[in-house]
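**Q** To be precise about what I am sending: the file is called model25.tsv and holds TSV, C-alpha atoms.
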```
chain	number	residue	atom	x	y	z
X	1	MET	CA	-24.85	-62.12	-95.51
X	2	ALA	CA	-25.22	-60.09	-92.30
X	3	ASP	CA	-21.98	-58.16	-92.84
X	4	THR	CA	-23.25	-56.89	-96.23
X	5	LEU	CA	-26.55	-55.59	-94.87
X	6	VAL	CA	-26.55	-51.84	-94.29
X	7	PRO	CA	-29.01	-49.92	-92.08
X	8	LEU	CA	-30.97	-47.78	-94.52
X	9	GLN	CA	-31.42	-44.89	-92.08
X	10	ARG	CA	-27.67	-44.49	-91.58
X	11	TRP	CA	-26.89	-44.98	-95.29
X	12	SER	CA	-29.34	-42.25	-96.25
X	13	ARG	CA	-27.84	-39.80	-93.77
X	14	VAL	CA	-24.24	-40.50	-94.82
X	15	ASN	CA	-25.06	-40.09	-98.51
X	16	GLY	CA	-27.07	-36.91	-98.13
X	17	PHE	CA	-30.55	-38.30	-98.77
X	18	ALA	CA	-33.68	-37.75	-96.72
X	19	ALA	CA	-34.47	-40.39	-94.12
X	20	PRO	CA	-36.58	-43.30	-95.35
X	21	VAL	CA	-40.30	-42.99	-94.68
X	22	ARG	CA	-42.24	-46.03	-93.49
X	23	LEU	CA	-45.30	-46.71	-95.63
X	24	GLY	CA	-47.07	-49.42	-93.67
X	25	GLY	CA	-46.67	-52.74	-91.95
X	26	ALA	CA	-49.03	-55.15	-93.73
X	27	PRO	CA	-48.42	-57.48	-95.35
X	28	LEU	CA	-44.78	-56.32	-95.73
X	29	ALA	CA	-43.16	-53.24	-94.26
X	30	GLY	CA	-42.60	-50.69	-97.01
X	31	PHE	CA	-40.15	-47.78	-97.02
X	32	ALA	CA	-39.79	-44.84	-99.41
X	33	LEU	CA	-36.58	-42.98	-100.22
X	34	GLN	CA	-37.01	-39.68	-102.03
X	35	SER	CA	-34.67	-37.37	-103.93
X	36	THR	CA	-35.20	-34.63	-106.48
X	37	ASN	CA	-35.07	-37.36	-109.15
X	38	GLY	CA	-37.86	-39.57	-107.85
X	39	VAL	CA	-39.09	-41.98	-105.20
X	40	PHE	CA	-37.68	-45.44	-104.54
X	41	VAL	CA	-40.00	-47.83	-102.68
X	42	LEU	CA	-38.80	-51.12	-101.21
X	43	HIS	CA	-40.39	-53.79	-99.05
X	44	THR	CA	-38.80	-55.97	-96.40
X	45	SER	CA	-38.70	-59.70	-97.20
X	46	SER	CA	-39.29	-58.98	-100.91
X	47	GLN	CA	-37.04	-58.35	-103.90
X	48	MET	CA	-39.79	-56.36	-105.58
X	49	ALA	CA	-39.21	-52.60	-105.59
X	50	GLN	CA	-40.45	-49.58	-107.51
X	51	TRP	CA	-38.76	-46.51	-108.89
X	52	ASP	CA	-41.34	-43.80	-109.57
X	53	GLY	CA	-43.95	-46.50	-110.09
X	54	VAL	CA	-41.84	-48.71	-112.40
X	55	GLU	CA	-41.16	-52.19	-111.09
X	56	LEU	CA	-37.63	-53.49	-110.71
X	57	ARG	CA	-36.06	-56.44	-108.91
X	58	LEU	CA	-33.46	-56.15	-106.18
X	59	GLY	CA	-30.74	-58.75	-105.85
X	60	PHE	CA	-31.54	-59.39	-102.17
X	61	ALA	CA	-34.67	-58.94	-100.08
X	62	PRO	CA	-34.28	-56.14	-97.51
X	63	GLU	CA	-34.65	-57.21	-93.88
X	64	LEU	CA	-36.34	-55.64	-90.90
X	65	ILE	CA	-33.99	-55.74	-87.89
X	66	ASP	CA	-35.06	-54.19	-84.59
X	67	GLY	CA	-37.78	-52.34	-86.45
X	68	GLN	CA	-35.37	-50.76	-88.95
X	69	PRO	CA	-34.83	-51.64	-92.65
X	70	TYR	CA	-31.49	-53.11	-93.70
X	71	VAL	CA	-30.56	-53.30	-97.39
X	72	HIS	CA	-27.77	-55.22	-99.11
X	73	SER	CA	-24.81	-53.04	-100.07
X	74	LEU	CA	-24.91	-54.21	-103.70
X	75	ASP	CA	-28.52	-53.13	-104.08
X	76	LEU	CA	-27.64	-49.77	-102.57
X	77	ASN	CA	-24.62	-49.29	-104.85
X	78	LYS	CA	-26.03	-50.76	-108.07
X	79	SER	CA	-29.70	-49.75	-108.01
X	80	ILE	CA	-30.83	-47.38	-105.28
X	81	GLN	CA	-28.00	-44.83	-105.21
X	82	PRO	CA	-27.70	-44.41	-109.02
X	83	LEU	CA	-31.44	-43.83	-109.39
X	84	LEU	CA	-31.66	-41.42	-106.48
X	85	GLN	CA	-28.66	-39.45	-107.76
X	86	GLY	CA	-30.06	-39.37	-111.29
X	87	GLU	CA	-28.76	-40.07	-114.76
X	88	PRO	CA	-25.90	-37.77	-115.80
X	89	MET	CA	-26.74	-35.30	-118.53
X	90	PRO	CA	-25.81	-36.64	-121.98
X	91	GLY	CA	-22.75	-35.39	-123.80
X	92	ALA	CA	-22.75	-32.93	-126.65
X	93	SER	CA	-23.18	-35.54	-129.38
X	94	LEU	CA	-26.52	-35.31	-131.20
X	95	SER	CA	-25.75	-38.32	-133.40
X	96	PRO	CA	-25.37	-41.39	-131.19
X	97	ILE	CA	-24.56	-44.67	-132.90
X	98	ILE	CA	-27.27	-47.19	-132.03
X	99	VAL	CA	-27.20	-50.89	-132.90
X	100	ILE	CA	-30.62	-52.54	-132.95
X	101	ASP	CA	-30.72	-56.31	-132.69
X	102	PRO	CA	-33.92	-57.96	-133.98
X	103	GLY	CA	-34.04	-61.19	-131.99
X	104	HIS	CA	-33.89	-64.60	-133.71
X	105	GLY	CA	-34.02	-65.03	-137.50
X	106	GLY	CA	-33.76	-67.77	-140.11
X	107	GLU	CA	-34.21	-71.26	-138.68
X	108	ASN	CA	-34.15	-69.75	-135.20
X	109	ALA	CA	-37.73	-68.50	-135.44
X	110	GLY	CA	-38.33	-67.74	-131.78
X	111	THR	CA	-41.73	-68.25	-130.24
X	112	LYS	CA	-44.90	-68.71	-132.31
X	113	SER	CA	-47.93	-66.47	-131.97
X	114	VAL	CA	-50.87	-68.22	-130.35
X	115	LEU	CA	-53.13	-66.60	-132.94
X	116	GLY	CA	-51.59	-67.79	-136.20
X	117	ASN	CA	-48.68	-68.97	-138.25
X	118	HIS	CA	-46.37	-66.06	-137.46
X	119	TYR	CA	-43.20	-66.10	-135.40
X	120	GLU	CA	-41.25	-63.83	-133.10
X	121	LYS	CA	-38.49	-63.33	-135.70
X	122	GLU	CA	-40.97	-61.59	-138.04
X	123	PHE	CA	-42.27	-59.17	-135.45
X	124	THR	CA	-38.86	-58.28	-134.00
X	125	LEU	CA	-37.51	-57.44	-137.45
X	126	ASP	CA	-40.51	-55.27	-138.30
X	127	TRP	CA	-40.21	-53.48	-134.95
X	128	ALA	CA	-36.49	-52.90	-135.56
X	129	LEU	CA	-37.03	-51.57	-139.09
X	130	ARG	CA	-39.67	-49.14	-137.89
X	131	LEU	CA	-37.44	-48.01	-135.02
X	132	GLN	CA	-34.51	-47.49	-137.37
X	133	SER	CA	-36.60	-45.32	-139.69
X	134	ILE	CA	-37.58	-43.03	-136.84
X	135	LEU	CA	-34.07	-42.78	-135.41
X	136	THR	CA	-32.55	-42.13	-138.83
X	137	ALA	CA	-35.03	-39.31	-139.41
X	138	ASN	CA	-33.85	-37.80	-136.13
X	139	ASN	CA	-30.12	-37.78	-136.95
X	140	CYS	CA	-29.12	-41.00	-135.22
X	141	LYS	CA	-26.73	-43.39	-136.91
X	142	THR	CA	-28.44	-46.77	-136.68
X	143	PHE	CA	-27.40	-50.26	-137.74
X	144	LEU	CA	-29.32	-53.53	-137.59
X	145	THR	CA	-27.58	-56.78	-136.74
X	146	ARG	CA	-29.85	-58.34	-139.36
X	147	SER	CA	-32.09	-56.68	-141.95
X	148	ASN	CA	-33.66	-59.84	-143.38
X	149	ASP	CA	-34.69	-63.34	-142.31
X	150	THR	CA	-31.29	-64.73	-141.38
X	151	ASP	CA	-29.95	-66.32	-138.20
X	152	LEU	CA	-26.90	-64.89	-136.50
X	153	ALA	CA	-24.67	-66.15	-133.71
X	154	LEU	CA	-24.82	-64.23	-130.44
X	155	SER	CA	-21.07	-63.55	-130.58
X	156	ASN	CA	-21.48	-62.03	-134.04
X	157	ARG	CA	-24.20	-59.72	-132.77
X	158	VAL	CA	-21.82	-58.54	-130.04
X	159	ALA	CA	-18.95	-58.17	-132.54
X	160	PHE	CA	-21.21	-56.21	-134.90
X	161	ALA	CA	-21.84	-53.58	-132.21
X	162	ALA	CA	-18.10	-53.33	-131.54
X	163	GLN	CA	-17.27	-53.00	-135.25
X	164	HIS	CA	-19.66	-50.09	-135.55
X	165	ASN	CA	-18.46	-48.37	-132.35
X	166	ALA	CA	-21.99	-48.40	-131.01
X	167	ASP	CA	-22.93	-46.07	-128.19
X	168	VAL	CA	-25.99	-48.18	-127.34
X	169	PHE	CA	-27.07	-51.78	-128.02
X	170	LEU	CA	-30.74	-52.78	-127.91
X	171	SER	CA	-31.98	-56.34	-128.49
X	172	LEU	CA	-35.70	-56.69	-129.32
X	173	HIS	CA	-37.72	-59.80	-128.45
X	174	PHE	CA	-41.20	-61.02	-127.63
X	175	ASN	CA	-41.98	-63.50	-124.89
X	176	SER	CA	-43.92	-66.73	-124.39
X	177	ALA	CA	-45.32	-68.69	-121.48
X	178	ALA	CA	-46.97	-71.38	-123.63
X	179	PRO	CA	-49.14	-73.25	-122.93
X	180	ASN	CA	-50.06	-70.65	-120.30
X	181	GLU	CA	-52.14	-67.99	-122.09
X	182	VAL	CA	-52.59	-65.74	-119.04
X	183	GLU	CA	-49.05	-64.39	-118.53
X	184	ALA	CA	-48.69	-60.91	-120.03
X	185	GLY	CA	-46.64	-57.77	-119.78
X	186	LEU	CA	-43.33	-56.05	-120.47
X	187	GLU	CA	-39.93	-57.19	-119.22
X	188	THR	CA	-36.61	-55.39	-119.75
X	189	TYR	CA	-33.28	-57.05	-118.97
X	190	CYS	CA	-29.79	-55.81	-118.26
X	191	LEU	CA	-26.73	-57.73	-117.11
X	192	THR	CA	-26.55	-58.68	-113.42
X	193	PRO	CA	-23.82	-56.84	-111.48
X	194	ALA	CA	-21.00	-59.04	-110.17
X	195	GLY	CA	-21.75	-60.56	-106.78
X	196	MET	CA	-25.51	-60.20	-107.12
X	197	PRO	CA	-27.83	-63.13	-107.89
X	198	SER	CA	-29.81	-62.81	-111.11
X	199	SER	CA	-33.55	-62.17	-111.18
X	200	LEU	CA	-33.86	-65.06	-113.63
X	201	THR	CA	-31.59	-67.93	-114.70
X	202	ARG	CA	-33.81	-70.14	-116.92
X	203	GLY	CA	-31.79	-73.18	-115.95
X	204	PHE	CA	-28.38	-71.65	-116.72
X	205	GLN	CA	-25.63	-71.50	-114.12
X	206	ASP	CA	-25.58	-68.08	-112.47
X	207	GLU	CA	-21.87	-67.19	-112.38
X	208	ILE	CA	-22.31	-64.79	-109.49
X	209	ARG	CA	-18.62	-63.90	-109.00
X	210	GLU	CA	-17.70	-63.53	-112.67
X	211	ILE	CA	-17.17	-60.07	-114.09
X	212	PHE	CA	-18.16	-59.62	-117.74
X	213	PRO	CA	-17.16	-56.72	-120.03
X	214	ASN	CA	-20.65	-55.22	-119.85
X	215	ASN	CA	-20.46	-54.99	-116.05
X	216	GLY	CA	-18.42	-51.85	-116.62
X	217	PHE	CA	-21.71	-50.23	-117.61
X	218	ASP	CA	-23.95	-51.39	-114.75
X	219	ALA	CA	-25.31	-47.93	-113.95
X	220	GLN	CA	-25.74	-46.92	-117.60
X	221	ASN	CA	-27.55	-50.19	-118.30
X	222	LEU	CA	-30.02	-49.48	-115.52
X	223	PHE	CA	-30.67	-45.93	-116.73
X	224	LEU	CA	-31.17	-47.16	-120.30
X	225	ALA	CA	-33.49	-49.95	-119.17
X	226	MET	CA	-35.52	-47.55	-117.06
X	227	ARG	CA	-35.98	-45.04	-119.89
X	228	VAL	CA	-37.00	-47.64	-122.47
X	229	HIS	CA	-39.17	-49.64	-120.07
X	230	ARG	CA	-41.05	-46.56	-118.84
X	231	ALA	CA	-41.69	-45.39	-122.41
X	232	LEU	CA	-43.04	-48.79	-123.49
X	233	LEU	CA	-45.39	-48.95	-120.49
X	234	GLN	CA	-47.15	-45.92	-121.95
X	235	VAL	CA	-48.02	-48.06	-124.98
X	236	ASN	CA	-48.84	-51.47	-123.48
X	237	GLY	CA	-51.36	-50.30	-120.88
X	238	HIS	CA	-48.85	-50.41	-117.99
X	239	ARG	CA	-48.67	-54.20	-117.90
X	240	ASP	CA	-45.40	-54.13	-115.99
X	241	ARG	CA	-43.36	-57.26	-115.24
X	242	GLY	CA	-40.39	-55.19	-114.28
X	243	ILE	CA	-36.78	-54.40	-115.03
X	244	ARG	CA	-34.77	-57.54	-114.34
X	245	ARG	CA	-31.16	-58.64	-114.34
X	246	ALA	CA	-29.78	-61.85	-115.84
X	247	ARG	CA	-26.44	-63.38	-116.85
X	248	PHE	CA	-27.60	-66.05	-119.28
X	249	LEU	CA	-28.19	-63.45	-122.01
X	250	GLY	CA	-25.10	-63.99	-124.15
X	251	VAL	CA	-25.91	-61.03	-126.36
X	252	LEU	CA	-25.36	-58.69	-123.38
X	253	ARG	CA	-22.37	-60.12	-121.49
X	254	GLY	CA	-19.64	-59.11	-123.95
X	255	GLN	CA	-21.00	-55.66	-124.80
X	256	GLN	CA	-18.68	-52.75	-124.02
X	257	ARG	CA	-21.44	-50.16	-124.11
X	258	PRO	CA	-24.83	-49.70	-122.42
X	259	ALA	CA	-26.94	-52.67	-123.53
X	260	ILE	CA	-30.38	-54.06	-122.74
X	261	LEU	CA	-32.78	-56.73	-124.00
X	262	VAL	CA	-36.51	-55.98	-124.21
X	263	GLU	CA	-39.26	-58.60	-124.13
X	264	GLY	CA	-42.07	-56.51	-125.63
X	265	GLY	CA	-45.02	-58.71	-124.71
X	266	TYR	CA	-46.27	-62.30	-124.71
X	267	LEU	CA	-47.11	-63.97	-128.01
X	268	SER	CA	-48.65	-66.77	-125.92
X	269	ASN	CA	-51.28	-64.36	-124.55
X	270	PRO	CA	-54.15	-63.89	-127.05
X	271	GLN	CA	-54.70	-60.23	-126.17
X	272	GLU	CA	-51.05	-59.28	-126.45
X	273	ALA	CA	-50.52	-61.48	-129.52
X	274	ARG	CA	-53.33	-59.60	-131.24
X	275	LEU	CA	-51.67	-56.29	-130.44
X	276	ILE	CA	-48.20	-57.45	-131.50
X	277	GLY	CA	-49.65	-58.70	-134.79
X	278	ASP	CA	-51.02	-55.22	-135.55
X	279	PRO	CA	-48.61	-53.01	-137.57
X	280	ALA	CA	-50.04	-49.89	-135.93
X	281	TYR	CA	-49.16	-51.26	-132.50
X	282	ARG	CA	-45.62	-52.15	-133.60
X	283	GLN	CA	-45.32	-48.57	-134.84
X	284	LYS	CA	-46.28	-47.34	-131.38
X	285	LEU	CA	-43.67	-49.63	-129.83
X	286	ALA	CA	-41.04	-48.21	-132.20
X	287	GLU	CA	-42.00	-44.63	-131.43
X	288	ALA	CA	-41.87	-45.27	-127.69
X	289	VAL	CA	-38.36	-46.75	-127.87
X	290	ALA	CA	-37.20	-43.93	-130.14
X	291	LYS	CA	-38.38	-41.31	-127.66
X	292	ALA	CA	-36.41	-43.07	-124.94
X	293	LEU	CA	-33.24	-43.34	-127.04
X	294	LEU	CA	-33.14	-39.95	-128.71
X	295	PRO	CA	-31.05	-37.18	-127.16
X	296	ARG	CA	-33.27	-35.07	-124.96
X	297	GLY	CA	-35.19	-32.40	-126.83
X	298	ASN	CA	-34.63	-34.04	-130.24
X	299	THR	CA	-38.09	-35.53	-130.86
X	300	GLY	CA	-39.80	-32.94	-133.03
X	301	ALA	CA	-40.07	-34.99	-136.24
X	302	LEU	CA	-40.52	-38.29	-134.44
X	303	ALA	CA	-44.05	-39.51	-135.16
X	304	PHE	CA	-44.43	-38.07	-138.66
X	305	ALA	CA	-41.12	-39.35	-140.02
X	306	GLY	CA	-41.60	-42.78	-138.50
X	307	GLN	CA	-45.16	-43.22	-139.82
X	308	VAL	CA	-44.26	-42.11	-143.33
X	309	ASN	CA	-41.24	-44.39	-143.55
X	310	ALA	CA	-43.15	-47.35	-142.14
X	311	MET	CA	-45.97	-46.97	-144.65
X	312	GLN	CA	-43.55	-46.61	-147.54
X	313	ARG	CA	-41.65	-49.68	-146.41
X	314	ASN	CA	-44.54	-51.97	-145.54
X	315	PRO	CA	-47.85	-50.64	-146.90
X	316	THR	CA	-49.70	-53.94	-146.53
X	317	GLY	CA	-48.91	-54.27	-142.83
X	318	SER	CA	-47.50	-57.75	-143.28
X	319	PRO	CA	-44.62	-58.89	-141.06
X	320	ALA	CA	-41.33	-57.33	-142.06
X	321	ASP	CA	-39.47	-60.44	-143.20
X	322	LYS	CA	-40.85	-59.56	-146.65
X	323	ALA	CA	-40.02	-55.88	-146.32
X	324	SER	CA	-37.43	-53.97	-148.29
X	325	SER	CA	-34.48	-52.22	-146.68
X	326	PRO	CA	-35.15	-49.16	-144.49
X	327	ALA	CA	-34.58	-45.60	-145.60
X	328	GLN	CA	-30.94	-45.48	-144.49
X	329	SER	CA	-28.65	-48.09	-146.00
X	330	THR	CA	-27.99	-50.56	-143.21
X	331	GLN	CA	-25.25	-53.07	-142.82
X	332	SER	CA	-26.10	-56.36	-141.19
X	333	ALA	CA	-23.73	-58.77	-139.58
X	334	GLY	CA	-24.30	-61.13	-142.47
X	335	ASP	CA	-25.68	-64.62	-142.75
X	336	THR	CA	-22.47	-66.42	-143.62
X	337	GLU	CA	-20.90	-66.21	-140.17
X	338	SER	CA	-20.51	-69.42	-138.18
X	339	LYS	CA	-23.05	-69.89	-135.39
X	340	ASP	CA	-22.30	-70.10	-131.70
X	341	GLN	CA	-23.11	-73.26	-129.83
X	342	GLY	CA	-24.36	-71.14	-126.92
X	343	ALA	CA	-28.09	-70.85	-126.32
X	344	GLU	CA	-30.18	-67.92	-127.44
X	345	THR	CA	-32.67	-66.52	-124.95
X	346	SER	CA	-35.35	-69.14	-124.46
X	347	ASP	CA	-38.76	-67.52	-124.51
X	348	GLN	CA	-40.20	-69.22	-121.47
X	349	PRO	CA	-42.20	-67.56	-118.71
X	350	ALA	CA	-40.17	-65.46	-116.36
X	351	GLN	CA	-40.43	-66.70	-112.82
```
Mind converting the file's structure to structure tokens?
**A**
Amino acid sequence: MADTLVPLQRWSRVNGFAAPVRLGGAPLAGFALQSTNGVFVLHTSSQMAQWDGVELRLGFAPELIDGQPYVHSLDLNKSIQPLLQGEPMPGASLSPIIVIDPGHGGENAGTKSVLGNHYEKEFTLDWALRLQSILTANNCKTFLTRSNDTDLALSNRVAFAAQHNADVFLSLHFNSAAPNEVEAGLETYCLTPAGMPSSLTRGFQDEIREIFPNNGFDAQNLFLAMRVHRALLQVNGHRDRGIRRARFLGVLRGQQRPAILVEGGYLSNPQEARLIGDPAYRQKLAEAVAKALLPRGNTGALAFAGQVNAMQRNPTGSPADKASSPAQSTQSAGDTESKDQGAETSDQPAQ
């Protein structure tokens, strides 16, 4: 790996960034890189890094060689440089097409809440319906891969986004570490860039050299993940488990558009399960994601429109599997499609 390690001081100079600043030597040497867009902090011998206070995982741990930090070229190209340079300004379109994917459904119930007889599939659908109401009120074309309690193959969820020419794909989930009730926090996933090891494999083979269609959007995926993750941290009390990269997420690999998967909290943790079971909290989650997805400056009617639509749709606050359709007529990918044999994301604790 030595020939892929790059001295950070030289890289910063060549690319027009300020020299890295050493933060301290114990227990791990930390270094900060700053641009007009923010501050990137990394630590030698650790894959943990931060971008403006938000945690993310590098593919390789930086090394300290002769007192100087060396960073893998893939981490520089796929994480550090895009963030330091900043997200390009959006195009002129004020009506992006967004496909929202409520995780699980039907017999594929997902994880069970530690507090009662409710399942992930109920909460993801309610979250998605609330999010769609807000986005629709703010001139976004939105489609749900499912709008009722039905299972759907991962390949059909990918095909649904393609059929609707989606600009963005967002898959909504909740996590579990059962029987561990301590694990808590927010995780956001995007596809691992080719050549980089994944942050998490969950027992699946990590096809490190394979290039998937969604790898054409590596930088856009990271920007999308960062915006959504940062917005959700404002709601969940900053319980941050980081932005991570994985290849086993079949719903992301074939996407030909920016795409992420959000694990919005742990249903195995009593405190978070109580929050997730509260309709008012799911409304806050929906509003946070909407703010991150909406074109900049287009958030004036956000909270009011979302709250009104949510109350009209689900006045009792019960999980949304019993809810009627959202304000805008929404196609779903249907429940008659054949199912993939591939595995859905297993809601096990992220290591």
**Q** Could you tell me which of X:Leu154, X:Leu58, X:Leu293, X:Ala178 comes closest to Pro270 of chain X if we count all atoms listed in the file?
**A**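 Result for the nearest residue to Pro270 of chain X: X:Ala178.
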**Q** Select, from X:Ala280, X:Leu76, X:Ala259, X:Met48, the residue with the minimum atom-to-atom distance to Leu5 of chain X, counting all atoms listed in the file.
**A**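 Looking only at the distances to Leu5 of chain X, the closest residue turns out to be X:Leu76.
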**Q** Near Gly237 of chain X, within 12 Å and counting only C-alpha atoms, which residues show up once chain neighbours fewer than 6 positions away are dropped, as a PyMOL selection string?
**A** chain X and resi 184-186+230-231+265+271-272+275+281+285
**Q** Hey, what's within 12 Å of Ala288 of chain X if we count all atoms listed in the file and toss same-chain stuff fewer than 3 positions away? As an NGL selection string, please?
**A** :X and (127 or 130-131 or 134-135 or 227-236 or 264 or 281-285 or 291-294 or 299 or 302-303 or 306)
**Q** Let me see the file: selected residues, C-alpha atoms, as a tab-separated table (two decimals), keeping the file's coordinate frame.
**A**
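out07.tsv was written with the following content:
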```tsv
chain	number	residue	atom	x	y	z
X	127	TRP	CA	-40.21	-53.48	-134.95
X	130	ARG	CA	-39.67	-49.14	-137.89
X	131	LEU	CA	-37.44	-48.01	-135.02
X	134	ILE	CA	-37.58	-43.03	-136.84
X	135	LEU	CA	-34.07	-42.78	-135.41
X	227	ARG	CA	-35.98	-45.04	-119.89
X	228	VAL	CA	-37.00	-47.64	-122.47
X	229	HIS	CA	-39.17	-49.64	-120.07
X	230	ARG	CA	-41.05	-46.56	-118.84
X	231	ALA	CA	-41.69	-45.39	-122.41
X	232	LEU	CA	-43.04	-48.79	-123.49
X	233	LEU	CA	-45.39	-48.95	-120.49
X	234	GLN	CA	-47.15	-45.92	-121.95
X	235	VAL	CA	-48.02	-48.06	-124.98
X	236	ASN	CA	-48.84	-51.47	-123.48
X	264	GLY	CA	-42.07	-56.51	-125.63
X	281	TYR	CA	-49.16	-51.26	-132.50
X	282	ARG	CA	-45.62	-52.15	-133.60
X	283	GLN	CA	-45.32	-48.57	-134.84
X	284	LYS	CA	-46.28	-47.34	-131.38
X	285	LEU	CA	-43.67	-49.63	-129.83
X	291	LYS	CA	-38.38	-41.31	-127.66
X	292	ALA	CA	-36.41	-43.07	-124.94
X	293	LEU	CA	-33.24	-43.34	-127.04
X	294	LEU	CA	-33.14	-39.95	-128.71
X	299	THR	CA	-38.09	-35.53	-130.86
X	302	LEU	CA	-40.52	-38.29	-134.44
X	303	ALA	CA	-44.05	-39.51	-135.16
X	306	GLY	CA	-41.60	-42.78	-138.50
```
**Q** Restricting the calculation to all atoms listed in the file, which member of X:Cys140, X:Leu224, X:Leu64, X:Val289 is positioned closest to Val6 of chain X?
**A**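 Going through X:Cys140, X:Leu224, X:Leu64, X:Val289 one by one, the smallest distance to Val6 of chain X is for X:Leu64.
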**Q** Hey, which of X:Glu63, X:Asp218, X:Asp240, X:Glu55 ends up closest to Phe31 of chain X? Count all atoms listed in the file.
**A**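 Among the listed residues, X:Glu63 lies closest to Phe31 of chain X.
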**Q** Which of these residues is nearest to Leu152 of chain X, using all atoms listed in the file: X:His173, X:Lys112, X:Arg274, X:His104?
**A**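 Once distances to Leu152 of chain X are computed over all atoms listed in the file, the minimum belongs to X:His104.
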**Q** Please report, as AutoDock Vina command-line options, the centre and edge lengths in Å to one decimal of an axis-aligned box covering all listed atoms of segment 29-45 of chain X with 5 Å per side.
**A**
```
--center_x -38.9 --center_y -47.2 --center_z -101.7 --size_x 18.5 --size_y 35.1 --size_z 24.9
```
**Q** Record the distance separating atom CA of Phe212 of chain X and atom CA of Pro96 of chain X, expressed in Å with one decimal.
**A** 23.8 Å
**Q** Quick one, how far is atom CA of Val114 of chain X from atom CA of Asp278 of chain X?
**A**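 That distance, rounded to one decimal, is 14.0 Å.
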**Q** Given the choices X:Phe169, X:Phe174, X:Phe217, X:Phe143, which gets closest to Ala273 of chain X if the distance is worked out from all atoms listed in the file?
**A**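 Between X:Phe169, X:Phe174, X:Phe217, X:Phe143, the residue approaching Ala273 of chain X most closely is X:Phe174.
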**Q** May I have the protein, DNA and RNA residues with an atom at most 8 Å from (-34.1, -58.8, -141.3), counting all atoms listed in the file in the file's coordinates, returned as a list of chain:residue names?
**A**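 Using all atoms listed in the file, the matching residues come out as X:Pro102, X:Gly105, X:Leu125, X:Asp126, X:Arg146, X:Ser147, X:Asn148, X:Asp149, X:Thr150, X:Ala320, X:Asp321.
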**Q** Identify, on the basis of all atoms listed in the file, every residue whose closest approach to His118 of chain X does not exceed 9 Å; exclude the query and any residue fewer than 5 positions from it along the same chain; express the result as an MDAnalysis selection string.
**A** chainID X and resid 111:113 123 277 319
**Q** Give as a VMD selection string every residue, naming chains and numbers as the document does, that has an atom within 8 Å of (-22.7, -50.8, -126.7), counting only C-alpha atoms.
**A** chain X and resid 98 to 99 161 to 162 165 to 169 255 to 259
**Q** Could you tell me how far atom CA of Phe248 of chain X lies from atom CA of Asp75 of chain X, in Å and to one decimal?
**A**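 So the two atoms, atom CA of Phe248 of chain X and atom CA of Asp75 of chain X, lie 20.0 Å apart.
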